[in-house]
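Right, one structure below, let's go through it.
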Amino acid sequence: MTADTLTDRLHVQGVRHHSPACARLVADRIEALRPAAVLIEGPADFNDRLDELALEHELPVAIYSYASTDLAVRRSWTPLCDYSPEWAALTEGRRIGADVRFIDLPAWHDAFSGIENRYSDAERRYTDATDRLCRAFAVDNTDALWDHLVEIADTDRLEARLDQYFDIIRGEGEDAVDASASDTAREAHMAAWIRAALAEHDGPVLVVCGGFHAPALRRLAATGTAEPPEIPSPPEGTEVGGFLVPYSFKRLDSFGGYQSGMPSPEYYQQLWEQGPGPAAASLVQRITMRLRSKGIHVSTSDLIGARSLTDGLARLRGHHRPGRTDLLDGLASALISDDLEQPLPWTRRGTLTPGTHPVVVEMTAALTGGRVGRLHPATPAPPLVADAQAELERLGLDKDGDLRLDLVKPRDLERSRALHCLRLLALPGVSRNSGPAAGADVTAEEHWTLRPHTDRLPSLIEAGALGATLGDAAQTVLEQRLDGADDLNALAGLLFDAALCGRAHLTDSIGTAVEAAVADSGDVAAVGRALGAALALWRHDHLFGTAGSDLYAAVITACCDRVLWLVEGLHAAPGPADLGRLQALCALRDAVRHAPDLAPTAEWVTRSADRIALDPQAPPDLRGAALGLAWTFGAPTDAAAAAEGAASPDRLGDWLSGLFAVAREEVIAEEQGVVAAVDDLVGALTEDEFLVALPALRQAFGMFPPRERGQIAERIVSARGGGDAYALTARLDVDPLTTAAAMALEARVDAVLEREHLHFGGES
Amino acid sequence: MSDTTTAEPRLQRPPAERRYADELAKLAAEDDAPRPPGWALSLQAARTFVVGDESRGITRKFVGDPSLIDRALVTLATNRGLMLVGEPGTAKSLLSELIAAAVSGDSTLTIQGGASTTEDQIAYSWNYSLLVSEGPTQRALVPAPLLQGMAEGRVVRFEEITRCPLEVQDSLLSPLSDRVLAVPELEGDSMVFAREGFNIIATANTRDRGVNEMSAALKRRFNFETVFPIADFDTELDLVEHEAANALARSGVPVPPSRDVLAVLVKVFRDLRSGDTQGRPQAVMSTAEAVSVAHAVGIKAWYLRGGEAEAGDIVDCMAGAAAKDSAEDLARLRRYLEQKAPQRKGPHWASLYQARNLLPG
């Protein structure tokens, strides 16, 4: 084929995914060109099911693709909305009777490793050129640049402008971007389809692809064989598939979603439906209504101020009509009379950061919109429905009634896992009555009740968007919840859920979510609890098969770091011992001992502990615990001398609580030492001081189990010249009437405190 | 700037309109966009002056979001004042100086706010010998920046406005809303009406907030713009490298710290700045502060050791420059050095970690 005929017949339209201007351009070009074939960047393994896609769905919808092996599942979405250029190509191409085809590699291919959204911007991976362009046009980021150059610019010569833009991004000659291996593989595959289509058809061929690929596809289409490429088959042992699922604007929005493309889908929907002027008006209206409904005051004069700022900004930036950022900038300037803690999100890219001004949060939410797609009823049911039903039948769970499972038996464990998956999917009529509550729990018996419920099938169909099998769907739920889990207590629960479902594998998104949650937490006790839970599951749990799991290993590492960081900065006035933070240090101690590869070294922890033990601003219980921590790691420690340093009656007990909580065994193993020192100290207290010190001392010695308390008593008695040690720890014989009177008095005091609102909060 | 004009003594720091006189003249000559009344440049040209344009030989003077400059300039063209807020050291004052130079061609009408600032220093005062001999006449009137800016139609800068007492701040109310200032002592023409081109750029530290929180009435007459620390690591590193080299050259040090050492320094600053509330020091961890630490590091290495700076030098320079006298901040810095530094790879981080014991206290 000569180059001339090629340029005549091959038309490659580079687009930005989810761009209304590009969608309009694609529709116009199809109308003008009447191409024989329309080739679209999309999963080629979905080609035989394009009819399904052509049903009258309410958009956004997505093609969900999965590839699951025994170990893990990889998922990816190909989202389509009304203003997707790919959707315009599909519908318009079919309307004129062209041969419409997806030409990209299947989503399970290694080229998509780590990519969850096929239509995220490829150029985000190559930012040099876009950075230069942003600088040259004096805009903040590529979204603003794109609006400036494409969405709200004049439409004449748009095609040429797009080509020029993408040529600059891809670069030429020495500036050419070195595409990654995965992009190269995808482009080779797409080019092969293009050559095959050119050979097969006589008429024009239109290719609609991400703009980053367009220059390469033009080049690659000129050389090579014209054989249609073979769609690669998945590796042995990997099950792959794809089906349509409803999608939502919330997931489409890059402010909220993971790896998405253009931000503010509701704005672009309006831009698509009504054009820039009405879209701007409806945007202002939406934001105003939303802010007012949230009780944020927006006056008419604010709106007038915003309007004049917006007009001024549009004029300064050379826009004939205000664009998205002109509007947002104008509104933000007019409505916010405060300093901001976080930059305006549209000046950056990516998700909203904590601390974003509430007005700004509502503004971006108004632009995201709440649109949720719906599939046409004739769309085939997602594979999850069949998989779940077959699985339940296989495991004998398709009957109703009470169920007792013994988790030691492999079949019962499998049944339990399936039921936990159903529980996570919130399927009605499945409830767990009892069972293990944490890793290394002593019980291995679970009780469930299954009841018939009319909503069970509809719920299962809805859950079809989450995955193709029960396990995959449950994993999606876990990941989504982890992503939203801002507090660590919820995280600890979710990690145990993962074990119950047999899904305790580390995936990228789970790892990121755990790290973020741990890094955000300022609560030592919560981090400690998560550490304890993860450590138990990682060390012991052969029941659920989670011992040595990489997921819990990652949690342990993150938590150890965080505990150490938090406790070293913890400054507080002397106060009652806080059991939560003491347990966190115990968990750290156990992690250093039993998971040395995951936790910081004992030497390192000891150094930190030494500093805390000597820090006069740290609370006494923490100082005691830190001393204990250093001691348990074998650091030379003189606990008796340290006890004398903490001898004031209002903190001795708290200091000892810390020490005993962490280094109980070391204290008991000592012949004399701390206990003798404490005995001397207590002996030197006056009556009043003793009463002050007593409650905390009592709590401190409560850390020892009765047998060890007995040993301590014996030692003290023998040190004092003998006597009856038993009498020291025996329960006192008290007249029940006295006890009852004391309890009545306490109840009255409690009632008075309650009435005067003087009651202190629950746990501590 | 040329040094050939020997008639003028060299200034330590000439105002922006003199430092960049060539660029301003060039922009004004090429400016064909409409200018708001009273402005020396159009909005487009003013923006180019601040964010720079390599192809036209205009340097980039402010590192930050271009949209911030857009919003600031448009605000000044409306009837509201511009309030730049942000952490100390985020170049708010530089930005206000540049904008004033671009808009009015003059950045010297400046009021420096402080606890002892009075209305005299803002609006006007009197030449008392003339006042006694002639009474309150125009001749005896000594205009302060606000009166001058209004009478001449220029931008007035009010630095650190929240450090002034509330009643002093509120003297801006009628100049901002009614665009008029009364001089009741003068007989006859006692009202000074603002000419076109007059507006106010105020700056305030978020750290000083609460010292003299602004009244709601005054807040309403300003549009707020928050200036943030530089978001991008490489950009900040470039800036620190450039500024530190300049500062060291002025101090006679020919060898600035290597980029790797500065990378460690900038990373430490960014980590501490973005840390959680516990880890974040009270002291300002701004880019300007990083430059001054880099300056100190270079000086120490050159004059005390006669060699190139090492990452270890950062530690004691930071103790003095960044942590100041706060024991809490020293503890935070120590915790960072003990716990985070050893987790990072590379010889410079190792050298930083080794030097941790140089922290005082």
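Chain labels follow the order of the structure tokens: the first chain is A, the next B, and so on; residue numbering restarts at 1 in every chain, and ligands are counted from 1 in their shown order.
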Original post:
Which residues in region 103-159 of chain A does DSSP call helix (DSSP H, G or I)? List them as a PyMOL selection string.
Top reply: chain A and resi 110-112+122-125+128-137+142-151+158-159
**OP:** Enumerate the residues of region 182-258 of chain B with a DSSP assignment of strand (DSSP E), computed from the backbone, and present them as a ChimeraX atom specification.
**Re:** /B:182,191-193,199-205,222-227
**OP:** Give the residues of chain A that lie within 8 Å of chain B; count only C-alpha atoms, and format the answer as a PyMOL selection string.
**Re:** chain A and resi 136+138-140+308-309+312-313+316-317+329-330+333-334+336-340+343+347+520+522+565-566+568-570+608
Using C-alpha atoms, can you write the selected residues to a file as a PDB file, in the first residue's frame?
ATOM      1  CA  ALA A 136       3.762  28.436  28.758  1.00  0.00           C
ATOM      2  CA  ALA A 138       0.295  30.075  32.696  1.00  0.00           C
ATOM      3  CA  VAL A 139      -2.258  27.576  33.941  1.00  0.00           C
ATOM      4  CA  ASP A 140      -2.135  25.377  37.024  1.00  0.00           C
ATOM      5  CA  SER A 308     -17.873  39.838  38.216  1.00  0.00           C
ATOM      6  CA  LEU A 309     -14.742  37.952  39.279  1.00  0.00           C
ATOM      7  CA  GLY A 312     -12.848  39.221  34.809  1.00  0.00           C
ATOM      8  CA  LEU A 313     -10.970  35.937  35.031  1.00  0.00           C
ATOM      9  CA  LEU A 316      -7.909  37.798  31.532  1.00  0.00           C
ATOM     10  CA  ARG A 317      -7.492  34.182  30.453  1.00  0.00           C
ATOM     11  CA  ASP A 329     -12.110  30.515  41.113  1.00  0.00           C
ATOM     12  CA  GLY A 330     -14.685  33.298  41.092  1.00  0.00           C
ATOM     13  CA  SER A 333     -12.816  34.106  45.988  1.00  0.00           C
ATOM     14  CA  ALA A 334     -16.255  35.536  46.640  1.00  0.00           C
ATOM     15  CA  ILE A 336     -14.492  32.197  51.289  1.00  0.00           C
ATOM     16  CA  SER A 337     -13.295  34.922  53.637  1.00  0.00           C
ATOM     17  CA  ASP A 338     -10.746  32.837  55.452  1.00  0.00           C
ATOM     18  CA  ASP A 339      -7.376  31.359  54.969  1.00  0.00           C
ATOM     19  CA  LEU A 340      -7.415  27.872  53.497  1.00  0.00           C
ATOM     20  CA  PRO A 343      -5.012  24.381  48.286  1.00  0.00           C
ATOM     21  CA  THR A 347      -5.367  23.880  41.218  1.00  0.00           C
ATOM     22  CA  ASP A 520      -3.309   9.463  59.542  1.00  0.00           C
ATOM     23  CA  GLY A 522      -2.933  10.020  65.955  1.00  0.00           C
ATOM     24  CA  TRP A 565       6.585   7.726  66.280  1.00  0.00           C
ATOM     25  CA  LEU A 566       3.500   8.584  68.294  1.00  0.00           C
ATOM     26  CA  GLU A 568       7.972   9.451  71.391  1.00  0.00           C
ATOM     27  CA  GLY A 569       6.026  12.643  70.792  1.00  0.00           C
ATOM     28  CA  LEU A 570       3.410  12.006  73.444  1.00  0.00           C
ATOM     29  CA  SER A 608      13.638   5.395  71.564  1.00  0.00           C
TER      30      SER A 608
END
Subject >> Selection near region 347-351 of chain B, 10 Å with only C-alpha atoms, sequence-local residues under 3 positions removed, as a list of chain:residue names >> reply: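 Answer for this query is B:Asp260, B:Val261, B:Leu262, B:Ala263, B:Val264, B:Leu265, B:Glu310, B:Ala311, B:Gly312, B:Asp313, B:Ile314, B:Val315, B:Leu337, B:Lys340, B:Ala341, B:Pro342, B:Gln343, B:Arg344, B:Gln354, B:Ala355, B:Arg356.
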**OP:** Within 12 Å of Leu166 (chain B), counting only C-alpha atoms, which residues show up once you throw out same-chain ones fewer than 4 positions away? Write them as a list in words, please.
**Re:** Gly113, Gly114, Ala115, Ser116, Thr117, Thr118, Glu119, Ile161, Thr162, Asp170, Ser171, Leu172, Leu173, Gly210, Val211, Asn212, Glu213, Met214, Ser215, Ala216, Ala217, Leu218 and Lys219 of chain B
Write the residues you've just listed into a file as a PDB file, in the first residue's frame, and include C-alpha atoms for each of them.
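Contents of part-v5.pdb, freshly written:
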ATOM      1  CA  GLY B 113       1.576  46.695  60.550  1.00  0.00           C
ATOM      2  CA  GLY B 114       2.561  46.190  64.138  1.00  0.00           C
ATOM      3  CA  ALA B 115       1.280  46.496  67.678  1.00  0.00           C
ATOM      4  CA  SER B 116       2.214  50.182  67.743  1.00  0.00           C
ATOM      5  CA  THR B 117       0.887  51.154  64.310  1.00  0.00           C
ATOM      6  CA  THR B 118      -1.406  54.199  64.592  1.00  0.00           C
ATOM      7  CA  GLU B 119      -3.767  55.917  62.214  1.00  0.00           C
ATOM      8  CA  ILE B 161      -2.403  43.744  58.967  1.00  0.00           C
ATOM      9  CA  THR B 162      -3.511  41.381  61.746  1.00  0.00           C
ATOM     10  CA  ASP B 170     -11.000  49.395  60.866  1.00  0.00           C
ATOM     11  CA  SER B 171      -9.745  52.771  59.665  1.00  0.00           C
ATOM     12  CA  LEU B 172      -9.584  51.034  56.273  1.00  0.00           C
ATOM     13  CA  LEU B 173     -13.340  50.503  56.183  1.00  0.00           C
ATOM     14  CA  GLY B 210      -6.120  35.365  66.735  1.00  0.00           C
ATOM     15  CA  VAL B 211      -3.721  38.061  67.882  1.00  0.00           C
ATOM     16  CA  ASN B 212      -5.993  40.618  66.258  1.00  0.00           C
ATOM     17  CA  GLU B 213      -8.657  38.749  64.363  1.00  0.00           C
ATOM     18  CA  MET B 214     -10.117  41.020  61.695  1.00  0.00           C
ATOM     19  CA  SER B 215     -13.640  42.326  62.066  1.00  0.00           C
ATOM     20  CA  ALA B 216     -16.284  40.723  59.878  1.00  0.00           C
ATOM     21  CA  ALA B 217     -16.976  44.135  58.316  1.00  0.00           C
ATOM     22  CA  LEU B 218     -13.391  44.474  57.147  1.00  0.00           C
ATOM     23  CA  LYS B 219     -13.160  40.840  56.047  1.00  0.00           C
TER      24      LYS B 219
END
**OP:** Could you check which of A:Ala490, A:Leu303, A:Arg539, A:Arg593 is closest to Met289 (chain A), using only C-alpha atoms?
**Re:** A:Leu303
Residue neighbourhood region 92-105 of chain B, 6 Å, only C-alpha atoms, exclusion window fewer than 3 positions, as a PDB file with C-alpha atoms, in the first residue's frame:
ATOM      1  CA  GLU B  17       9.924  48.493  39.983  1.00  0.00           C
ATOM      2  CA  TRP B  39      -3.441  50.840  35.875  1.00  0.00           C
ATOM      3  CA  ALA B  40       0.098  50.970  34.529  1.00  0.00           C
ATOM      4  CA  LEU B  41      -0.293  47.652  32.682  1.00  0.00           C
ATOM      5  CA  ALA B  46       0.780  42.238  34.829  1.00  0.00           C
ATOM      6  CA  ARG B 154      -2.127  53.793  43.268  1.00  0.00           C
ATOM      7  CA  VAL B 155      -1.993  50.473  45.057  1.00  0.00           C
TER       8      VAL B 155
END
Might you pull out every residue within 12 Å of Ala199 (chain A), with only C-alpha atoms counted and same-chain residues fewer than 2 positions away left off, and present them as a short mmCIF file (atom, residue, chain, number, x, y, z; two decimals) with C-alpha atoms, in the first residue's frame?
data_model
loop_
_atom_site.label_atom_id
_atom_site.label_comp_id
_atom_site.auth_asym_id
_atom_site.auth_seq_id
_atom_site.Cartn_x
_atom_site.Cartn_y
_atom_site.Cartn_z
CA MET A 1 0.00 0.00 0.00
CA THR A 5 -3.69 5.86 -0.19
CA LEU A 6 -2.90 5.31 3.46
CA ARG A 9 -8.09 6.31 3.96
CA LEU A 10 -6.70 6.17 7.48
CA ALA A 36 -16.29 1.72 6.53
CA ALA A 37 -14.75 0.81 9.86
CA ALA A 192 -2.13 -4.56 13.74
CA TRP A 193 -5.92 -4.20 13.92
CA ILE A 194 -5.71 -0.98 11.93
CA ARG A 195 -3.68 -2.60 9.15
CA ALA A 196 -6.10 -5.52 9.03
CA ALA A 197 -9.08 -3.16 8.75
CA HIS A 201 -12.25 -2.51 3.73
CA ASP A 202 -12.00 -0.23 0.73
CA GLY A 203 -13.51 2.82 2.39
CA PRO A 204 -12.07 5.14 5.03
CA VAL A 205 -11.09 3.77 8.41
CA ALA A 221 -0.01 1.53 10.69
CA ALA A 222 2.21 2.21 7.68
CA GLY A 224 3.76 -4.52 8.82
CA THR A 225 1.50 -7.38 7.88
CA ALA A 226 -2.20 -6.98 7.27
CA GLU A 227 -3.20 -10.15 9.13
CA PRO A 228 -5.77 -9.53 11.87
#
**OP:** Can you work out the spacing between CA of Leu403 (chain A) and CA of Trp448 (chain A) in Å, to one decimal?
**Re:**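 Distance reported for this atom pair: 5.0 Å.
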Original post:
Between B:Ile58, B:Val63, B:Val156, B:Leu359, which one has atoms that come closest to Lys26 (chain B), using only C-alpha atoms?
Top reply: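 The answer is B:Ile58, which sits nearest to Lys26 (chain B).
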Considering only C-alpha atoms, return as a PDB file with C-alpha atoms, in the first residue's frame whatever protein or nucleic-acid residues lie within 8 Å of region 414-431 of chain A, sequence-local ones (same chain, fewer than 6 positions apart) excluded.
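Resulting contents of out-v2.pdb:
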ATOM      1  CA  GLU A 391     -21.048 -22.335  45.029  1.00  0.00           C
ATOM      2  CA  LEU A 392     -23.833 -22.385  47.614  1.00  0.00           C
ATOM      3  CA  LEU A 395     -21.356 -26.393  49.749  1.00  0.00           C
ATOM      4  CA  LEU A 397     -25.748 -23.858  51.769  1.00  0.00           C
ATOM      5  CA  LEU A 405     -19.785 -25.029  61.520  1.00  0.00           C
ATOM      6  CA  LEU A 407     -13.872 -24.457  61.381  1.00  0.00           C
ATOM      7  CA  GLU A 446     -19.478 -20.771  64.223  1.00  0.00           C
ATOM      8  CA  TRP A 448     -25.234 -19.107  61.390  1.00  0.00           C
ATOM      9  CA  THR A 449     -28.891 -18.639  60.537  1.00  0.00           C
ATOM     10  CA  LEU A 450     -30.064 -18.660  56.922  1.00  0.00           C
ATOM     11  CA  ARG A 451     -33.536 -17.309  56.242  1.00  0.00           C
ATOM     12  CA  PRO A 452     -35.369 -17.039  52.924  1.00  0.00           C
ATOM     13  CA  HIS A 453     -35.597 -13.481  51.655  1.00  0.00           C
ATOM     14  CA  ASP A 455     -34.442  -9.475  48.046  1.00  0.00           C
ATOM     15  CA  ARG A 456     -31.627 -11.961  47.968  1.00  0.00           C
ATOM     16  CA  SER A 459     -29.033  -7.879  45.875  1.00  0.00           C
ATOM     17  CA  LEU A 460     -26.856 -10.502  44.252  1.00  0.00           C
ATOM     18  CA  ALA A 463     -23.372  -7.004  43.671  1.00  0.00           C
ATOM     19  CA  LEU A 470     -18.138 -14.512  45.509  1.00  0.00           C
ATOM     20  CA  GLY A 471     -14.554 -14.116  46.640  1.00  0.00           C
ATOM     21  CA  ALA A 473     -16.856  -9.442  44.996  1.00  0.00           C
ATOM     22  CA  ALA A 474     -16.085  -9.695  48.703  1.00  0.00           C
ATOM     23  CA  VAL A 477     -16.126  -4.654  49.217  1.00  0.00           C
ATOM     24  CA  LEU A 478     -13.132  -5.012  51.522  1.00  0.00           C
ATOM     25  CA  ASP A 497     -13.039  -9.877  57.909  1.00  0.00           C
ATOM     26  CA  LEU A 500     -12.727 -14.805  57.623  1.00  0.00           C
ATOM     27  CA  CYS A 501     -13.389 -14.592  53.891  1.00  0.00           C
ATOM     28  CA  GLY A 502     -10.088 -16.260  53.079  1.00  0.00           C
TER      29      GLY A 502
END
Original post:
CA of Thr632 (chain A) to CA of Ala663 (chain A): how many Å, to one decimal?
Top reply: 6.0 Å
Original post:
For the atom pair CA of Gly511 (chain A) and CA of Val592 (chain A), what is the interatomic distance in Å to one decimal place?
Top reply: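 Distance between the two atoms: 21.0 Å.
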Subject >> Selected residue, from A:Thr601, A:Thr130, A:Thr300, A:Gln475, that lies nearest to Gly171 (chain A) when counting only C-alpha atoms >> reply: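 Selected residue with least distance to Gly171 (chain A): A:Thr130.
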Original post:
From the set A:Glu479, A:Asp311, A:Glu644, A:Asp400, which residue has the shortest atom-to-atom contact distance to Leu327 (chain A), counting only C-alpha atoms?
Top reply: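 Counting only C-alpha atoms, the residue closest to Leu327 (chain A) is A:Asp311.
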